[in-house]
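Source file: entry_10.txt. Holds: compact mmCIF, C-alpha atoms and all ligand atoms.
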```txt
# COMPACT_ATOMS: atom_id res chain seq x y z
CA MET A 1 -17.44 13.52 33.05
CA THR A 2 -16.59 11.49 36.16
CA ASP A 3 -14.66 12.47 39.29
CA ALA A 4 -13.37 8.91 39.84
CA PRO A 5 -9.53 8.77 39.89
CA ARG A 6 -8.08 7.83 36.52
CA ARG A 7 -5.12 5.48 36.00
CA ALA A 8 -1.72 7.08 35.48
CA ASP A 9 -0.47 4.10 33.43
CA ARG A 10 -3.36 4.40 30.93
CA PRO A 11 -4.02 8.13 30.70
CA ALA A 12 -7.38 9.16 29.24
CA THR A 13 -9.47 12.31 29.21
CA GLY A 14 -12.35 12.66 31.67
CA THR A 15 -14.68 11.35 28.95
CA GLY A 16 -12.52 8.29 28.21
CA ARG A 17 -10.89 9.64 25.03
CA GLN A 18 -7.21 9.07 24.17
CA TYR A 19 -5.29 11.59 26.25
CA HIS A 20 -3.03 13.15 23.60
CA LEU A 21 -5.00 12.58 20.41
CA ASP A 22 -8.47 13.31 21.86
CA LEU A 23 -9.93 10.45 19.81
CA ALA A 24 -12.26 7.61 20.81
CA GLU A 25 -12.78 4.05 19.57
CA GLY A 26 -13.97 3.91 15.96
CA GLU A 27 -13.62 7.63 15.20
CA LEU A 28 -10.99 6.94 12.50
CA GLY A 29 -11.02 4.19 9.89
CA PRO A 30 -8.67 1.18 9.74
CA THR A 31 -6.12 2.84 7.42
CA VAL A 32 -4.47 6.06 8.59
CA LEU A 33 -2.11 8.32 6.68
CA LEU A 34 0.56 9.78 8.96
CA PRO A 35 2.10 13.12 7.97
CA GLY A 36 4.23 14.86 10.59
CA ASP A 37 2.80 18.36 10.15
CA PRO A 38 -0.80 19.04 11.35
CA PHE A 39 -1.28 21.43 8.42
CA ARG A 40 -0.51 18.57 6.02
CA VAL A 41 -3.62 16.69 7.20
CA PRO A 42 -6.08 18.94 5.29
CA ALA A 43 -3.56 19.08 2.43
CA LEU A 44 -3.71 15.27 2.17
CA ALA A 45 -7.51 15.32 2.52
CA ALA A 46 -7.76 17.69 -0.45
CA ALA A 47 -7.29 14.62 -2.68
CA TRP A 48 -10.23 12.75 -1.07
CA ASP A 49 -13.87 12.83 -2.22
CA THR A 50 -15.23 13.69 1.25
CA ALA A 51 -13.41 14.82 4.41
CA ARG A 52 -14.15 16.17 7.88
CA GLU A 53 -11.97 17.07 10.83
CA VAL A 54 -12.45 14.71 13.79
CA ALA A 55 -10.04 16.15 16.37
CA HIS A 56 -7.14 18.57 16.78
CA HIS A 57 -5.18 18.50 20.02
CA ARG A 58 -1.55 19.63 20.30
CA GLU A 59 0.39 18.44 17.22
CA TYR A 60 -2.19 15.72 16.53
CA ARG A 61 -4.82 16.67 13.94
CA ALA A 62 -7.16 13.96 12.65
CA MET A 63 -9.50 13.83 9.63
CA ARG A 64 -11.66 11.10 8.16
CA GLY A 65 -13.35 10.80 4.79
CA THR A 66 -13.75 8.68 1.70
CA TYR A 67 -11.79 8.21 -1.50
CA ARG A 68 -13.38 6.23 -4.33
CA GLY A 69 -15.75 4.66 -1.81
CA VAL A 70 -12.94 3.66 0.58
CA ASP A 71 -12.80 4.79 4.23
CA ILE A 72 -9.65 6.95 4.60
CA SER A 73 -8.19 8.79 7.61
CA ALA A 74 -5.15 10.89 8.43
CA CYS A 75 -3.55 11.95 11.69
CA SER A 76 -0.41 14.05 12.11
CA THR A 77 2.35 12.61 14.29
CA GLY A 78 4.46 15.67 14.97
CA ILE A 79 8.15 15.46 14.07
CA GLY A 80 10.24 12.49 15.19
CA GLY A 81 10.05 9.26 17.15
CA PRO A 82 8.73 10.37 20.57
CA SER A 83 5.56 12.07 19.29
CA THR A 84 5.08 9.31 16.70
CA GLU A 85 5.23 6.69 19.48
CA ILE A 86 2.30 8.40 21.18
CA ALA A 87 0.34 8.62 17.93
CA ILE A 88 0.76 4.92 17.03
CA ASN A 89 -0.17 3.76 20.54
CA GLU A 90 -3.29 5.88 20.75
CA LEU A 91 -4.39 5.24 17.15
CA ALA A 92 -4.00 1.49 17.71
CA ALA A 93 -6.06 1.82 20.88
CA ILE A 94 -9.00 3.29 18.93
CA GLY A 95 -8.89 0.49 16.34
CA CYS A 96 -6.60 1.71 13.52
CA SER A 97 -4.58 -1.12 12.01
CA SER A 98 -2.71 0.06 8.89
CA PHE A 99 -0.33 3.01 9.24
CA LEU A 100 1.06 4.79 6.21
CA ARG A 101 3.71 7.38 6.98
CA LEU A 102 3.85 10.11 4.32
CA GLY A 103 6.48 12.79 4.55
CA THR A 104 9.50 14.52 3.10
CA THR A 105 13.03 13.26 3.09
CA GLY A 106 16.70 13.75 2.32
CA GLY A 107 18.05 11.60 -0.53
CA LEU A 108 21.40 9.86 -0.05
CA GLN A 109 22.05 8.20 -3.40
CA PRO A 110 23.24 9.68 -6.70
CA HIS A 111 20.30 8.19 -8.64
CA ILE A 112 17.70 9.64 -6.23
CA ARG A 113 16.67 13.19 -7.22
CA SER A 114 14.55 15.93 -5.68
CA GLY A 115 10.85 15.24 -6.30
CA ASP A 116 11.31 11.45 -6.42
CA VAL A 117 9.42 9.19 -4.03
CA VAL A 118 11.31 6.81 -1.71
CA ILE A 119 9.28 3.85 -0.42
CA SER A 120 10.97 2.42 2.68
CA THR A 121 11.29 -1.35 2.99
CA GLY A 122 13.00 -0.98 6.37
CA ALA A 123 14.70 1.64 8.48
CA VAL A 124 17.83 2.10 10.60
CA ARG A 125 16.56 2.62 14.15
CA TRP A 126 18.22 5.88 15.13
CA ASP A 127 14.74 7.26 15.90
CA GLY A 128 15.28 7.65 19.64
CA ALA A 129 11.92 6.13 20.67
CA THR A 130 12.12 2.41 19.90
CA PRO A 131 15.10 1.44 22.12
CA SER A 132 12.54 1.26 24.96
CA TYR A 133 10.53 -1.31 22.99
CA ALA A 134 13.00 -3.78 21.52
CA PRO A 135 16.76 -4.44 21.45
CA PRO A 136 18.87 -2.78 18.74
CA GLU A 137 19.05 -6.07 16.81
CA PHE A 138 15.27 -6.03 16.27
CA PRO A 139 14.72 -4.87 12.66
CA ALA A 140 12.36 -2.07 11.63
CA VAL A 141 10.61 -3.57 8.59
CA ALA A 142 7.63 -2.38 6.52
CA SER A 143 4.53 -4.48 5.84
CA HIS A 144 4.89 -6.10 2.41
CA GLU A 145 1.23 -5.30 1.68
CA LEU A 146 1.56 -1.58 2.36
CA THR A 147 4.79 -1.55 0.36
CA ILE A 148 3.08 -3.18 -2.65
CA ALA A 149 0.15 -0.75 -2.35
CA LEU A 150 2.55 2.22 -2.39
CA MET A 151 4.44 0.83 -5.38
CA GLU A 152 1.22 0.22 -7.31
CA ALA A 153 -0.02 3.73 -6.45
CA CYS A 154 3.25 5.25 -7.76
CA GLU A 155 2.90 3.21 -10.96
CA ARG A 156 -0.70 4.39 -11.50
CA LEU A 157 0.21 8.03 -10.82
CA GLY A 158 3.36 7.94 -12.96
CA LEU A 159 5.59 8.97 -10.05
CA THR A 160 9.32 8.20 -10.13
CA TYR A 161 9.96 6.02 -7.09
CA HIS A 162 12.73 4.06 -5.40
CA LEU A 163 12.49 1.16 -3.02
CA GLY A 164 14.96 0.49 -0.22
CA LEU A 165 16.25 1.17 3.26
CA SER A 166 15.89 4.47 5.08
CA ALA A 167 17.65 5.90 8.13
CA SER A 168 15.28 7.36 10.74
CA THR A 169 16.95 9.82 13.07
CA GLY A 170 15.95 11.47 16.34
CA SER A 171 17.54 14.76 15.28
CA PHE A 172 17.26 16.74 12.03
CA TYR A 173 20.59 18.55 12.29
CA ALA A 174 23.38 16.65 14.08
CA ALA A 175 22.04 13.11 13.48
CA GLN A 176 21.65 13.87 9.77
CA SER A 177 25.21 15.26 9.60
CA ARG A 178 24.13 18.91 9.28
CA PRO A 179 26.04 21.66 11.08
CA ALA A 180 23.93 22.86 14.04
CA PHE A 181 23.64 26.45 15.32
CA GLY A 182 26.86 28.41 15.15
CA GLY A 183 28.47 25.73 12.98
CA TYR A 184 28.54 23.25 15.84
CA ILE A 185 29.44 19.80 14.49
CA GLY A 186 27.90 16.90 16.41
CA LEU A 187 29.01 13.31 16.86
CA ASP A 188 27.61 11.95 13.58
CA ALA A 189 29.30 14.16 11.00
CA ASP A 190 30.13 11.33 8.57
CA ARG A 191 26.70 9.72 8.19
CA VAL A 192 25.98 10.95 4.64
CA GLU A 193 29.10 9.25 3.27
CA ARG A 194 28.65 6.10 5.38
CA LEU A 195 24.99 5.60 4.51
CA THR A 196 25.55 6.36 0.83
CA ALA A 197 28.25 3.66 0.80
CA MET A 198 25.83 1.22 2.48
CA GLY A 199 23.16 1.85 -0.16
CA VAL A 200 20.71 3.49 2.27
CA CYS A 201 18.29 5.62 0.24
CA ASN A 202 17.30 8.45 2.55
CA PHE A 203 17.14 10.23 5.89
CA GLU A 204 13.81 10.86 7.57
CA MET A 205 12.58 10.83 11.17
CA GLU A 206 9.56 8.56 11.76
CA ALA A 207 9.59 5.36 9.65
CA ALA A 208 11.60 3.26 12.14
CA THR A 209 9.13 4.09 14.92
CA VAL A 210 6.14 3.24 12.71
CA PHE A 211 7.70 -0.05 11.51
CA THR A 212 8.94 -1.23 14.91
CA LEU A 213 5.74 -0.53 16.80
CA THR A 214 3.43 -1.93 14.11
CA SER A 215 5.53 -5.14 14.02
CA LEU A 216 5.41 -5.49 17.79
CA PHE A 217 1.66 -4.77 17.89
CA ARG A 218 0.91 -7.18 14.96
CA LEU A 219 -0.34 -4.30 12.82
CA ARG A 220 0.83 -2.99 9.43
CA GLY A 221 3.19 -0.09 8.73
CA GLY A 222 4.44 1.46 5.51
CA ALA A 223 6.27 4.65 4.55
CA ALA A 224 6.78 6.80 1.48
CA CYS A 225 8.51 10.17 1.33
CA VAL A 226 9.12 12.78 -1.34
CA VAL A 227 12.74 13.93 -1.63
CA ILE A 228 13.14 17.64 -0.86
CA ALA A 229 16.81 17.59 0.18
CA ASP A 230 19.37 15.98 -2.13
CA ARG A 231 22.24 15.34 0.27
CA PHE A 232 24.41 13.87 -2.47
CA ARG A 233 24.38 17.10 -4.53
CA ASN A 234 23.60 19.38 -1.56
CA GLU A 235 20.42 20.82 -3.15
CA PHE A 236 17.18 21.77 -1.35
CA ARG A 237 13.90 21.87 -3.36
CA PRO A 238 10.77 21.56 -1.17
CA GLU A 239 8.25 22.72 -3.82
CA GLY A 240 5.47 20.36 -4.98
CA ALA A 241 5.96 17.64 -2.36
CA GLU A 242 2.60 18.06 -0.59
CA GLU A 243 0.41 17.64 -3.65
CA LYS A 244 2.35 14.51 -4.66
CA LEU A 245 1.94 13.04 -1.16
CA ALA A 246 -1.80 13.74 -1.22
CA ARG A 247 -2.33 11.87 -4.49
CA LEU A 248 -0.06 9.03 -3.36
CA GLY A 249 -1.78 8.59 0.02
CA ALA A 250 -5.27 8.48 -1.46
CA GLU A 251 -4.32 6.10 -4.27
CA ALA A 252 -2.33 3.75 -2.01
CA THR A 253 -5.28 3.53 0.39
CA ALA A 254 -7.61 2.61 -2.46
CA VAL A 255 -5.14 0.01 -3.79
CA LEU A 256 -4.74 -1.47 -0.29
CA ALA A 257 -8.51 -1.71 0.17
CA GLY A 258 -8.74 -3.63 -3.13
CA MET A 259 -5.92 -5.98 -2.06
CA ASP A 260 -7.52 -6.61 1.34
CA GLN A 261 -10.92 -7.20 -0.21
CA ARG A 262 -9.49 -9.78 -2.65
CA ARG A 263 -7.45 -11.44 0.10
CA SER A 264 -10.37 -11.88 2.47
CA ALA A 265 -12.76 -12.93 -0.33
CA THR A 266 -10.38 -15.77 -1.25
CA GLY A 267 -9.53 -16.72 2.34
CA HIS A 268 -5.82 -15.93 1.98
CA ARG A 269 -3.84 -14.87 5.04
CA TRP A 270 -1.36 -12.82 3.00
CA TYR A 271 -1.73 -10.86 -0.20
CA VAL A 272 0.04 -12.45 -3.19
CA PRO A 273 0.09 -10.86 -6.67
CA SER A 274 -1.74 -13.79 -8.28
CA LEU A 275 -4.87 -12.75 -6.35
CA HIS A 276 -5.20 -9.94 -8.87
CA GLY A 277 -3.53 -11.38 -11.95
CA SER A 278 -2.81 -8.54 -14.35
CA GLU A 279 -5.89 -6.51 -13.32
CA ALA A 280 -5.84 -4.39 -10.16
N1 LIG A 301 13.19 15.32 6.44
C1 LIG A 301 14.31 14.86 7.02
O1 LIG A 301 14.27 14.19 8.06
N2 LIG A 301 15.50 15.15 6.44
C2 LIG A 301 15.60 15.92 5.32
O2 LIG A 301 16.71 16.16 4.86
C3 LIG A 301 14.40 16.38 4.74
C4 LIG A 301 13.21 16.06 5.31
```

Mind converting the file's structure to structure tokens?
Amino acid sequence: MTDAPRRADRPATGTGRQYHLDLAEGELGPTVLLPGDPFRVPALAAAWDTAREVAHHREYRAMRGTYRGVDISACSTGIGGPSTEIAINELAAIGCSSFLRLGTTGGLQPHIRSGDVVISTGAVRWDGATPSYAPPEFPAVASHELTIALMEACERLGLTYHLGLSASTGSFYAAQSRPAFGGYIGLDADRVERLTAMGVCNFEMEAATVFTLTSLFRLRGGAACVVIADRFRNEFRPEGAEEKLARLGAEATAVLAGMDQRRSATGHRWYVPSLHGSEA
């Protein structure tokens, strides 16, 4: 502990740890699973072979372990763009480089049912945090490598999945066209119909922040969510999502490690499917 004044523009704890996450350089591995809920971190880690808690400060709970010999970590982000912005910045600062958001979602298309997985290729930036980082025209796009890893993991696990655009919102009720307290109707009451017509797959609250920041920081971001709210049929079925997300996160991390290993062994800058042929 030092009494020297610390910088307000780079806040840290007295021992030099990240101020909000209470983590230090190297304490998590390169690939981090990002649930919103701190209680989902041990639920995700239940699918790993080894796991230990590294830190828990505010809504940010972090664990690290191994799955099939691969270094795997998870850190909760809290709900929504602002707390996710803090998580990505501080995780990047300690050396994390691949960010896999795993959460629950509201489906917007007739062919997307409760229990299905939606893998986001990009996201509408209604997240509320990224307007301070880039103009509205800047797209929020997933890393192709994390997207392929998630698809392959779904294939291996036999999960029904969909691939497409998501809409990330900075509010769960009004911005997702739900009546708020007392039946109050906000300014975005027609979003379900508009997004369904545009082919957008789902509502969630963090993917746009993850994609935008990882693009700007030259890192990798991906996102997959299990549908618990079917907005097309107006059905809510949250059961079973956590266990599915745990298996998906562990498997996708192992697939990604295999892809990265093959890519670096062959000197390729980007992963292409021919690096694996039919075997993976
Ligand atoms: N998460 C969301 O953001 N929206 C839903 O409808 C369900 C989960």

* Structure fact -> ligand LIG 301 (chain A) proximity check over A:Gly65, A:Gly14, A:Gly221, A:Gly115, using all atoms listed in the file: winner is A:Gly115

* To do: Would you list the contacts of Arg218 of chain A as a PyMOL selection string, taking every protein, DNA or RNA residue within 12 Å and counting all atoms listed in the file, but skipping same-chain residues closer than 3 positions in sequence?
  => chain A and resi 92+96-99+142-143+210-215+221

Quick one: write out the picked residues with C-alpha atoms as a PDB file, keeping the file's coordinate frame?
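Below is the file part.pdb, written as the result:
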```pdb
ATOM      1  CA  ALA A  92      -4.000   1.490  17.710  1.00  0.00           C
ATOM      2  CA  CYS A  96      -6.600   1.710  13.520  1.00  0.00           C
ATOM      3  CA  SER A  97      -4.580  -1.120  12.010  1.00  0.00           C
ATOM      4  CA  SER A  98      -2.710   0.060   8.890  1.00  0.00           C
ATOM      5  CA  PHE A  99      -0.330   3.010   9.240  1.00  0.00           C
ATOM      6  CA  ALA A 142       7.630  -2.380   6.520  1.00  0.00           C
ATOM      7  CA  SER A 143       4.530  -4.480   5.840  1.00  0.00           C
ATOM      8  CA  VAL A 210       6.140   3.240  12.710  1.00  0.00           C
ATOM      9  CA  PHE A 211       7.700  -0.050  11.510  1.00  0.00           C
ATOM     10  CA  THR A 212       8.940  -1.230  14.910  1.00  0.00           C
ATOM     11  CA  LEU A 213       5.740  -0.530  16.800  1.00  0.00           C
ATOM     12  CA  THR A 214       3.430  -1.930  14.110  1.00  0.00           C
ATOM     13  CA  SER A 215       5.530  -5.140  14.020  1.00  0.00           C
ATOM     14  CA  GLY A 221       3.190  -0.090   8.730  1.00  0.00           C
TER      15      GLY A 221
END
```

* Counting only C-alpha atoms and all ligand atoms, name the residues that have an atom within 9 Å of an atom of ligand LIG 301 (chain A); the answer should be given as a list in words. => Ile79, Gly80, Gly103, Thr104, Thr105, Gly106, Gly107, Ala167, Ser168, Thr169, Gly170, Ser171, Phe172, Tyr173, Gln176, Asn202, Phe203, Glu204, Met205, Glu206, Cys225, Val226, Val227, Ile228, Ala229, Asp230, Arg231, Phe236 and Pro238 of chain A

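You can rank A:Ala197, A:Ala87, A:Leu33, A:Leu44 by their closest distance to Glu59 of chain A using only C-alpha atoms, and at the top of that list sits A:Ala87.
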
How close does each residue of segment 175-265 of chain A get to segment 149-165 of chain A, giving the shortest atom pair and distance in Å to one decimal for every residue with an atom at most 7 Å away, counting all atoms listed in the file, sorted by chain and residue number, as CSV?
```
residue,atom,partner,partner_atom,distance
A:Val200,CA,A:Leu165,CA,5.1
A:Cys201,CA,A:Leu165,CA,5.8
A:Leu248,CA,A:Ala153,CA,6.1
A:Glu251,CA,A:Ala153,CA,5.4
A:Ala252,CA,A:Ala153,CA,5.0
A:Val255,CA,A:Ala149,CA,5.5
A:Leu256,CA,A:Ala149,CA,5.4
```

* Could you tell me how far atom CA of Arg58 of chain A lies from atom CA of Gly78 of chain A, in Å and to one decimal? =>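 Between these atoms lies a distance of 9.0 Å.
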
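Picture a line from atom CA of Arg263 of chain A to atom CA of Leu216 of chain A; it runs 22.7 Å.
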
* **Å distance separating atom CA of Thr31 of chain A from atom CA of Leu91 of chain A, one decimal place** => 10.2 Å

Using only the atoms of segment 252-260 of chain A listed in the file, plus 8 Å on each side, state the axis-aligned box centre and edge lengths in Å rounded to one decimal, as JSON.
```
{"center_x": -5.5, "center_y": -1.4, "center_z": -1.2, "size_x": 22.4, "size_y": 26.4, "size_z": 21.1}
```

* Mind listing as a list in words all residues within 9 Å of (9.5, 1.9, 22.0), counting all atoms listed in the file? -> Gly81, Pro82, Glu85, Gly128, Ala129, Thr130, Pro131, Ser132, Tyr133, Ala134, Thr209, Thr212 and Leu213 of chain A

* To do: Select, from A:Ala224, A:Val54, A:Ala12, A:Ala207, the residue with the minimum atom-to-atom distance to Ala123 of chain A, counting only C-alpha atoms.
  =>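 Checking each candidate against Ala123 of chain A, we get A:Ala207 as the closest.
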
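Nearest to Ser274 of chain A of all the residues A:Met198, A:Arg237, A:Met259, A:Met63 is A:Met259, counting all atoms listed in the file.
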
* To do: Do a neighbour search on Trp270 of chain A at 12 Å with all atoms listed in the file, toss out local chain neighbours closer than 6 positions, and write the hits as a list in words.
  =>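 Result of the neighbour search: Ser143, His144, Glu145, Leu146, Arg220, Met259, Asp260, Gln261, Arg262, Arg263 and Ser264 of chain A.
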
* **Residues within 12 Å of Ile185 of chain A, only C-alpha atoms, excluding chain neighbours under 6 positions, as JSON, numbers by chain** => {"A": [173, 174, 175, 176, 177, 178, 179]}
